[in-house]
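Below is the file protein-v3.cif, which contains mmCIF, C-alpha atoms.
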```cif
data_protein
#
loop_
_atom_site.label_atom_id
_atom_site.label_comp_id
_atom_site.auth_asym_id
_atom_site.auth_seq_id
_atom_site.Cartn_x
_atom_site.Cartn_y
_atom_site.Cartn_z
CA MET A 908 -8.83 -26.41 35.99
CA ASP A 909 -6.12 -23.81 35.32
CA SER A 910 -6.32 -21.22 32.56
CA SER A 911 -4.02 -23.08 30.16
CA SER A 912 -6.10 -26.26 30.29
CA LEU A 913 -9.28 -24.21 29.90
CA GLU A 914 -7.80 -22.58 26.83
CA ALA A 915 -6.72 -25.94 25.44
CA SER A 916 -10.17 -27.33 26.07
CA ALA A 917 -11.82 -24.39 24.30
CA THR A 918 -9.46 -24.77 21.35
CA PHE A 919 -10.24 -28.45 21.14
CA GLU A 920 -13.97 -27.78 21.14
CA THR A 921 -13.73 -25.31 18.26
CA MET A 922 -11.62 -27.64 16.11
CA PRO A 923 -13.48 -29.59 13.45
CA PRO A 924 -13.74 -33.25 14.39
CA LEU A 925 -10.95 -35.34 12.98
CA GLU A 926 -12.15 -37.77 10.41
CA PRO A 927 -11.16 -41.39 10.70
CA ALA A 928 -8.23 -42.42 8.54
CA HIS A 929 -10.27 -45.07 6.75
CA SER A 930 -12.74 -42.39 5.58
CA LEU A 931 -9.93 -40.47 3.90
CA LEU A 932 -8.61 -43.68 2.36
CA VAL A 933 -12.04 -44.58 0.97
CA ARG A 934 -12.38 -41.12 -0.60
CA LEU A 935 -8.94 -41.27 -2.16
CA LEU A 936 -9.61 -44.74 -3.51
CA ALA A 937 -12.96 -43.60 -4.92
CA VAL A 938 -11.31 -40.74 -6.82
CA LEU A 939 -8.36 -42.83 -7.98
CA GLY A 940 -10.51 -45.78 -9.02
CA GLY A 941 -13.01 -43.60 -10.84
CA GLY A 942 -10.26 -41.58 -12.49
CA PHE A 943 -8.52 -44.74 -13.63
CA LEU A 944 -11.74 -46.09 -15.12
CA GLY A 945 -12.58 -42.76 -16.78
CA GLY A 946 -9.07 -42.48 -18.18
CA ALA A 947 -9.21 -46.01 -19.58
CA LEU A 948 -12.55 -45.24 -21.23
CA ARG A 949 -11.17 -42.03 -22.74
CA PHE A 950 -8.11 -43.88 -24.00
CA MET A 951 -10.22 -46.58 -25.63
CA ILE A 952 -12.66 -44.16 -27.20
CA LEU A 953 -10.05 -41.73 -28.50
CA ASN A 954 -7.96 -44.55 -29.92
CA ASP A 955 -9.09 -46.98 -32.51
CA MET A 956 -10.24 -49.88 -30.39
CA SER A 957 -8.47 -52.26 -32.76
CA SER A 958 -5.11 -50.52 -32.62
CA ALA A 959 -5.16 -49.16 -29.10
CA ALA A 960 -2.15 -51.16 -28.02
CA GLY A 961 0.34 -49.66 -30.40
CA SER A 962 -1.04 -46.39 -31.64
CA GLN A 963 -0.70 -42.97 -30.11
CA ASN A 964 -3.31 -41.51 -32.41
CA GLY A 965 -6.14 -39.95 -30.53
CA VAL A 966 -4.56 -40.18 -27.08
CA TYR A 967 -4.17 -36.50 -27.52
CA PRO A 968 -5.93 -34.67 -30.29
CA ASN A 969 -4.35 -33.69 -33.56
CA ALA A 970 -1.20 -35.72 -33.30
CA SER A 971 -0.30 -34.48 -36.75
CA TRP A 972 -1.82 -31.03 -36.20
CA GLY A 973 -3.10 -31.33 -39.74
CA ASP A 974 -6.34 -32.87 -38.60
CA SER A 975 -9.07 -30.75 -37.19
CA PHE A 976 -12.22 -31.43 -35.25
CA ASP A 977 -12.20 -34.70 -33.28
CA VAL A 978 -15.82 -35.74 -33.05
CA ARG A 979 -15.00 -38.40 -30.45
CA LEU A 980 -13.74 -35.80 -27.98
CA PHE A 981 -16.80 -33.69 -28.69
CA ALA A 982 -19.06 -36.70 -28.02
CA ILE A 983 -17.24 -37.68 -24.84
CA ASN A 984 -17.48 -34.18 -23.41
CA THR A 985 -21.12 -33.66 -24.36
CA VAL A 986 -22.32 -37.02 -23.06
CA GLY A 987 -20.18 -36.59 -19.94
CA VAL A 988 -21.79 -33.25 -19.19
CA PHE A 989 -25.25 -34.76 -19.63
CA ILE A 990 -24.54 -37.61 -17.22
CA ALA A 991 -22.77 -35.40 -14.66
CA THR A 992 -25.60 -32.86 -14.65
CA TRP A 993 -28.15 -35.65 -14.46
CA LEU A 994 -26.39 -37.13 -11.44
CA LEU A 995 -25.73 -33.84 -9.63
CA LEU A 996 -29.30 -32.61 -10.06
CA GLY A 997 -30.61 -35.87 -8.62
CA ARG A 998 -30.13 -37.50 -5.27
CA MET A 999 -26.38 -37.61 -5.68
CA GLY A 1000 -26.31 -33.82 -5.66
CA ASP A 1001 -27.99 -33.78 -2.26
CA SER A 1002 -25.30 -35.97 -0.74
CA SER A 1003 -22.05 -34.68 0.69
CA PRO A 1004 -19.51 -33.63 -1.96
CA ASP A 1005 -17.17 -36.07 -0.23
CA ALA A 1006 -19.54 -39.03 -0.43
CA PRO A 1007 -17.57 -41.94 -1.95
CA GLY A 1008 -20.22 -42.71 -4.58
CA ARG A 1009 -20.33 -39.12 -5.74
CA LEU A 1010 -16.52 -38.93 -5.80
CA PHE A 1011 -16.25 -42.14 -7.79
CA TRP A 1012 -18.75 -41.21 -10.48
CA THR A 1013 -18.53 -37.44 -10.87
CA THR A 1014 -15.00 -36.54 -9.73
CA GLY A 1015 -13.46 -39.82 -10.88
CA VAL A 1016 -15.14 -41.51 -13.82
CA LEU A 1017 -16.69 -38.47 -15.51
CA GLY A 1018 -13.79 -36.20 -14.54
CA GLY A 1019 -11.33 -38.66 -16.05
CA LEU A 1020 -13.45 -39.27 -19.11
CA THR A 1021 -14.11 -35.65 -20.05
CA THR A 1022 -11.33 -33.13 -20.48
CA TYR A 1023 -11.02 -29.41 -20.91
CA SER A 1024 -7.30 -29.34 -21.60
CA SER A 1025 -7.53 -31.60 -24.67
CA LEU A 1026 -10.36 -29.52 -26.07
CA ILE A 1027 -8.33 -26.35 -25.61
CA ALA A 1028 -5.29 -28.01 -27.18
CA GLU A 1029 -7.42 -29.11 -30.11
CA LEU A 1030 -8.70 -25.57 -30.55
CA GLY A 1031 -5.13 -24.31 -30.32
CA GLY A 1032 -4.15 -26.59 -33.20
CA ILE A 1033 -7.10 -25.53 -35.30
CA TRP A 1034 -6.46 -21.86 -34.48
CA GLY A 1035 -3.16 -22.09 -36.32
CA GLN A 1036 -4.95 -23.28 -39.45
CA ASN A 1037 -8.20 -21.37 -39.42
CA ARG A 1038 -9.19 -19.00 -36.61
CA GLY A 1039 -12.84 -18.79 -37.61
CA VAL A 1040 -13.21 -22.56 -37.51
CA ALA A 1041 -11.51 -22.67 -34.11
CA VAL A 1042 -13.94 -20.12 -32.69
CA LEU A 1043 -16.85 -21.97 -34.27
CA ILE A 1044 -15.80 -25.34 -32.86
CA GLY A 1045 -15.14 -23.83 -29.43
CA ALA A 1046 -18.56 -22.21 -29.38
CA LEU A 1047 -20.14 -25.42 -30.67
CA SER A 1048 -18.46 -27.53 -28.00
CA VAL A 1049 -19.40 -25.27 -25.10
CA GLY A 1050 -22.87 -24.65 -26.54
CA ALA A 1051 -23.57 -28.36 -27.01
CA ALA A 1052 -22.38 -29.05 -23.46
CA CYS A 1053 -24.62 -26.34 -22.05
CA GLY A 1054 -27.46 -27.80 -24.12
CA ALA A 1055 -26.75 -31.27 -22.74
CA GLY A 1056 -26.78 -29.90 -19.20
CA TRP A 1057 -30.01 -28.05 -19.86
CA LEU A 1058 -31.57 -31.20 -21.33
CA ALA A 1059 -30.59 -33.22 -18.26
CA HIS A 1060 -32.14 -30.54 -16.07
CA GLN A 1061 -35.36 -30.52 -18.09
CA ILE A 1062 -35.73 -34.30 -18.01
CA ARG A 1063 -35.07 -34.30 -14.26
CA GLN A 1064 -37.81 -31.72 -13.75
CA ARG A 1065 -40.31 -33.57 -15.93
CA LEU A 1066 -39.66 -36.78 -14.03
CA ARG A 1067 -40.09 -34.96 -10.72
CA TRP A 1068 -43.38 -33.45 -11.80
CA GLY A 1069 -44.56 -36.77 -13.19
CA SER A 1070 -43.95 -38.67 -9.97
CA MET B 827 -3.39 -47.91 -21.50
CA LEU B 828 -2.63 -48.68 -17.87
CA THR B 829 -0.02 -45.92 -17.63
CA PHE B 830 -2.35 -43.47 -19.35
CA SER B 831 -5.18 -44.35 -16.93
CA ALA B 832 -2.88 -44.13 -13.91
CA PHE B 833 -1.74 -40.63 -14.88
CA CYS B 834 -5.36 -39.69 -15.47
CA ALA B 835 -6.29 -40.95 -11.99
CA LEU B 836 -3.49 -38.87 -10.47
CA GLY B 837 -4.83 -35.82 -12.26
CA CYS B 838 -8.29 -36.49 -10.80
CA LEU B 839 -6.71 -36.70 -7.38
CA VAL B 840 -5.04 -33.31 -7.81
CA ARG B 841 -8.38 -31.81 -8.84
CA TYR B 842 -10.09 -33.30 -5.82
CA ALA B 843 -7.30 -32.04 -3.53
CA ALA B 844 -7.75 -28.55 -4.98
CA GLU B 845 -11.51 -28.73 -4.40
CA VAL B 846 -11.05 -29.85 -0.80
CA PHE B 847 -8.44 -27.14 -0.24
CA ALA B 848 -10.79 -24.51 -1.66
CA GLY B 849 -13.73 -25.71 0.41
CA ARG B 850 -11.99 -26.20 3.73
CA THR B 851 -9.02 -23.85 3.77
CA ILE B 852 -9.94 -20.89 1.57
CA ARG B 853 -13.65 -21.47 2.27
CA VAL B 854 -14.93 -20.80 -1.21
CA GLN B 855 -17.25 -22.94 -3.29
CA ARG B 856 -15.57 -25.90 -4.90
CA LEU B 857 -16.49 -24.85 -8.43
CA TRP B 858 -13.90 -22.07 -8.15
CA ALA B 859 -11.25 -24.72 -7.60
CA THR B 860 -12.53 -26.55 -10.68
CA LEU B 861 -12.13 -23.33 -12.64
CA ALA B 862 -8.57 -22.91 -11.33
CA VAL B 863 -7.45 -26.46 -12.13
CA ASN B 864 -9.01 -26.28 -15.59
CA ALA B 865 -6.95 -23.17 -16.27
CA LEU B 866 -3.82 -24.73 -14.76
CA GLY B 867 -4.27 -27.86 -16.86
CA SER B 868 -4.68 -25.79 -20.02
CA LEU B 869 -1.54 -23.82 -19.16
CA THR B 870 0.40 -27.04 -18.64
CA VAL B 871 -0.78 -28.51 -21.94
CA GLY B 872 0.14 -25.30 -23.74
CA LEU B 873 3.62 -25.48 -22.24
CA ALA B 874 4.01 -29.18 -23.01
CA ILE B 875 2.96 -28.91 -26.62
CA SER B 876 4.98 -25.85 -27.45
CA HIS B 877 8.21 -26.34 -25.60
CA LEU B 878 8.89 -29.17 -23.35
CA ILE B 879 8.02 -32.61 -24.52
CA SER B 880 8.10 -34.31 -27.89
CA ASP B 881 5.55 -36.96 -26.93
CA PRO B 882 3.13 -35.39 -24.49
CA ALA B 883 0.71 -38.33 -24.20
CA LEU B 884 1.18 -38.71 -20.46
CA ILE B 885 0.92 -34.95 -19.94
CA PHE B 886 -2.40 -35.15 -21.77
CA ALA B 887 -3.43 -38.06 -19.58
CA PHE B 888 -2.58 -36.22 -16.37
CA CYS B 889 -4.04 -32.89 -17.48
CA GLY B 890 -7.09 -34.64 -18.92
CA GLY B 891 -7.74 -36.08 -15.47
CA MET B 892 -6.97 -32.84 -13.71
CA THR B 893 -9.26 -30.81 -15.95
CA SER B 894 -12.88 -31.77 -16.28
CA PHE B 895 -15.31 -30.60 -18.91
CA SER B 896 -18.24 -32.28 -17.16
CA ALA B 897 -17.47 -30.56 -13.85
CA ALA B 898 -17.02 -27.23 -15.62
CA ILE B 899 -20.67 -27.37 -16.73
CA ALA B 900 -22.37 -29.59 -14.14
CA ALA B 901 -20.90 -27.87 -11.08
CA PRO B 902 -22.31 -24.46 -12.07
CA ALA B 903 -25.65 -26.16 -12.83
CA HIS B 904 -25.61 -27.64 -9.34
CA ALA B 905 -24.63 -24.28 -7.83
CA TRP B 906 -27.47 -22.63 -9.79
CA ARG B 907 -29.94 -25.10 -8.32
CA ASP B 908 -28.65 -24.34 -4.84
CA GLY B 909 -29.13 -20.60 -5.33
CA SER B 910 -25.56 -19.52 -6.11
CA ARG B 911 -26.59 -18.14 -9.46
CA ARG B 912 -24.02 -15.39 -9.77
CA SER B 913 -21.14 -17.80 -9.11
CA ALA B 914 -22.64 -20.29 -11.57
CA ILE B 915 -22.84 -17.75 -14.38
CA VAL B 916 -19.40 -16.30 -13.71
CA VAL B 917 -17.72 -19.72 -13.63
CA LEU B 918 -19.60 -20.96 -16.68
CA ALA B 919 -18.72 -17.88 -18.71
CA THR B 920 -15.12 -17.42 -17.60
CA THR B 921 -13.92 -21.04 -17.78
CA PRO B 922 -13.50 -21.21 -21.58
CA LEU B 923 -11.96 -17.75 -21.76
CA LEU B 924 -9.58 -18.41 -18.90
CA CYS B 925 -8.57 -21.81 -20.27
CA ILE B 926 -7.87 -20.39 -23.72
CA ALA B 927 -5.86 -17.56 -22.18
CA ALA B 928 -3.93 -20.02 -20.00
CA TYR B 929 -3.19 -22.25 -23.00
CA ALA B 930 -2.00 -19.28 -25.03
CA LEU B 931 0.17 -18.15 -22.14
CA GLY B 932 1.67 -21.62 -21.79
CA ALA B 933 2.38 -21.77 -25.50
CA ALA B 934 3.94 -18.30 -25.49
CA LEU B 935 6.20 -18.79 -22.48
#
```

Could I get this file's structure written as structure tokens?
Amino acid sequence: MDSSSLEASATFETMPPLEPAHSLLVRLLAVLGGGFLGGALRFMILNDMSSAAGSQNGVYPNASWGDSFDVRLFAINTVGVFIATWLLLGRMGDSSPDAPGRLFWTTGVLGGLTTYSSLIAELGGIWGQNRGVAVLIGALSVGAACGAGWLAHQIRQRLRWGS
Amino acid sequence: MLTFSAFCALGCLVRYAAEVFAGRTIRVQRLWATLAVNALGSLTVGLAISHLISDPALIFAFCGGMTSFSAAIAAPAHAWRDGSRRSAIVVLATTPLLCIAAYALGAAL
């Protein structure tokens, strides 16, 4: 074997193994499918279920910018954090971050359901009206989410000790 | 609703691509990519609201999928469990500040 083929062989051995195309396709479909489902859930929750077809209200917060705190967005984000933490601190968290099930539920469904940008936009709208309230709502939202994550962690630990 | 969900799914795909890029190419933990896309999404929403688009519903759909509140909290919790406590605290603490700053920047541009 000449030096060039030896070098090529060595390069080949140090390359990460190529993944099959169907594996990539499954992962993309898991993210897209989960994101679609999460987005649909967010749309339905943030809109009035009865008027979802025609109304833009709630698709993004504060359409009129005269409204303030959207409790539905707060609930979505808090519950989403609880479920995501619950899942990631369980068996799903031990799996590969590219496992299709984990991608579907955490990256897709919960990622599509919860949103940071809408929360920030909501706070931006409230900031223009009352800065103190904006800071309070921001702190409340992040604090409640951290509390939800902590609660999920505590319940996971209790269940582990109990079993 | 279908268009909204489709844009949301595309946003999720961008977030996942950023996480894979961070993990495989830059070789950093994926929660840093989550932090980056959350800030980028906030910047985009700030831009959209202030300047560009009169009806930003689809921007909100896309950015809502790209940014993730659940990942912003759950990913640091997972990293904390795995021993990356400094990264977990830094990401948890800086995400809201960075997102607010990015939104303000987008609105001011």

I need the chain A residues near chain B as a short mmCIF file (atom, residue, chain, number, x, y, z; two decimals) with C-alpha atoms, in the frame of the given file; criterion: at most 6 Å, counting only C-alpha atoms.
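Okay, this is what ended up in part_7.cif:
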```cif
data_model
loop_
_atom_site.label_atom_id
_atom_site.label_comp_id
_atom_site.auth_asym_id
_atom_site.auth_seq_id
_atom_site.Cartn_x
_atom_site.Cartn_y
_atom_site.Cartn_z
CA LEU A 939 -8.36 -42.83 -7.98
CA GLY A 942 -10.26 -41.58 -12.49
CA PHE A 943 -8.52 -44.74 -13.63
CA GLY A 946 -9.07 -42.48 -18.18
CA ALA A 947 -9.21 -46.01 -19.58
CA GLY A 987 -20.18 -36.59 -19.94
CA VAL A 988 -21.79 -33.25 -19.19
CA ALA A 991 -22.77 -35.40 -14.66
CA THR A 992 -25.60 -32.86 -14.65
CA GLY A 1018 -13.79 -36.20 -14.54
CA GLY A 1019 -11.33 -38.66 -16.05
CA THR A 1021 -14.11 -35.65 -20.05
CA THR A 1022 -11.33 -33.13 -20.48
CA TYR A 1023 -11.02 -29.41 -20.91
CA SER A 1024 -7.30 -29.34 -21.60
#
```

Seminar exercise, completed: Atom pair CA of Ala1052 in chain A + CA of Ala982 in chain A, distance 9.5 Å

Seminar exercise, completed: note - CA of Arg1063 in chain A and CA of Ala914 in chain B are separated by 18.9 Å

For this session: Determine, counting only C-alpha atoms, every residue of protein, DNA or RNA that lies within 10 Å of (-10.5, -24.8, -31.5) in the file coordinates, then give the result as a ChimeraX atom specification.
Result: /A:975-976,1026-1048 /B:926

Problem set entry | Using only C-alpha atoms: which of A:Gly1054, A:Leu932, A:Gly1015, A:Leu1066 has the shortest distance to Gly945 in chain A | A:Gly1015

Exercise. From the set A:Leu980, A:Val933, A:Leu944, A:Cys1053, which residue has the shortest atom-to-atom contact distance to Ala1006 in chain A, counting all atoms listed in the file?
Worked result: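 Of A:Leu980, A:Val933, A:Leu944, A:Cys1053, the one nearest Ala1006 in chain A is A:Val933, counting all atoms listed in the file.
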
Problem set entry | Interatomic distance (Å, one decimal) between CA of Ile952 in chain A and CA of Arg979 in chain A |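 Separation of CA of Ile952 in chain A and CA of Arg979 in chain A: 7.0 Å.
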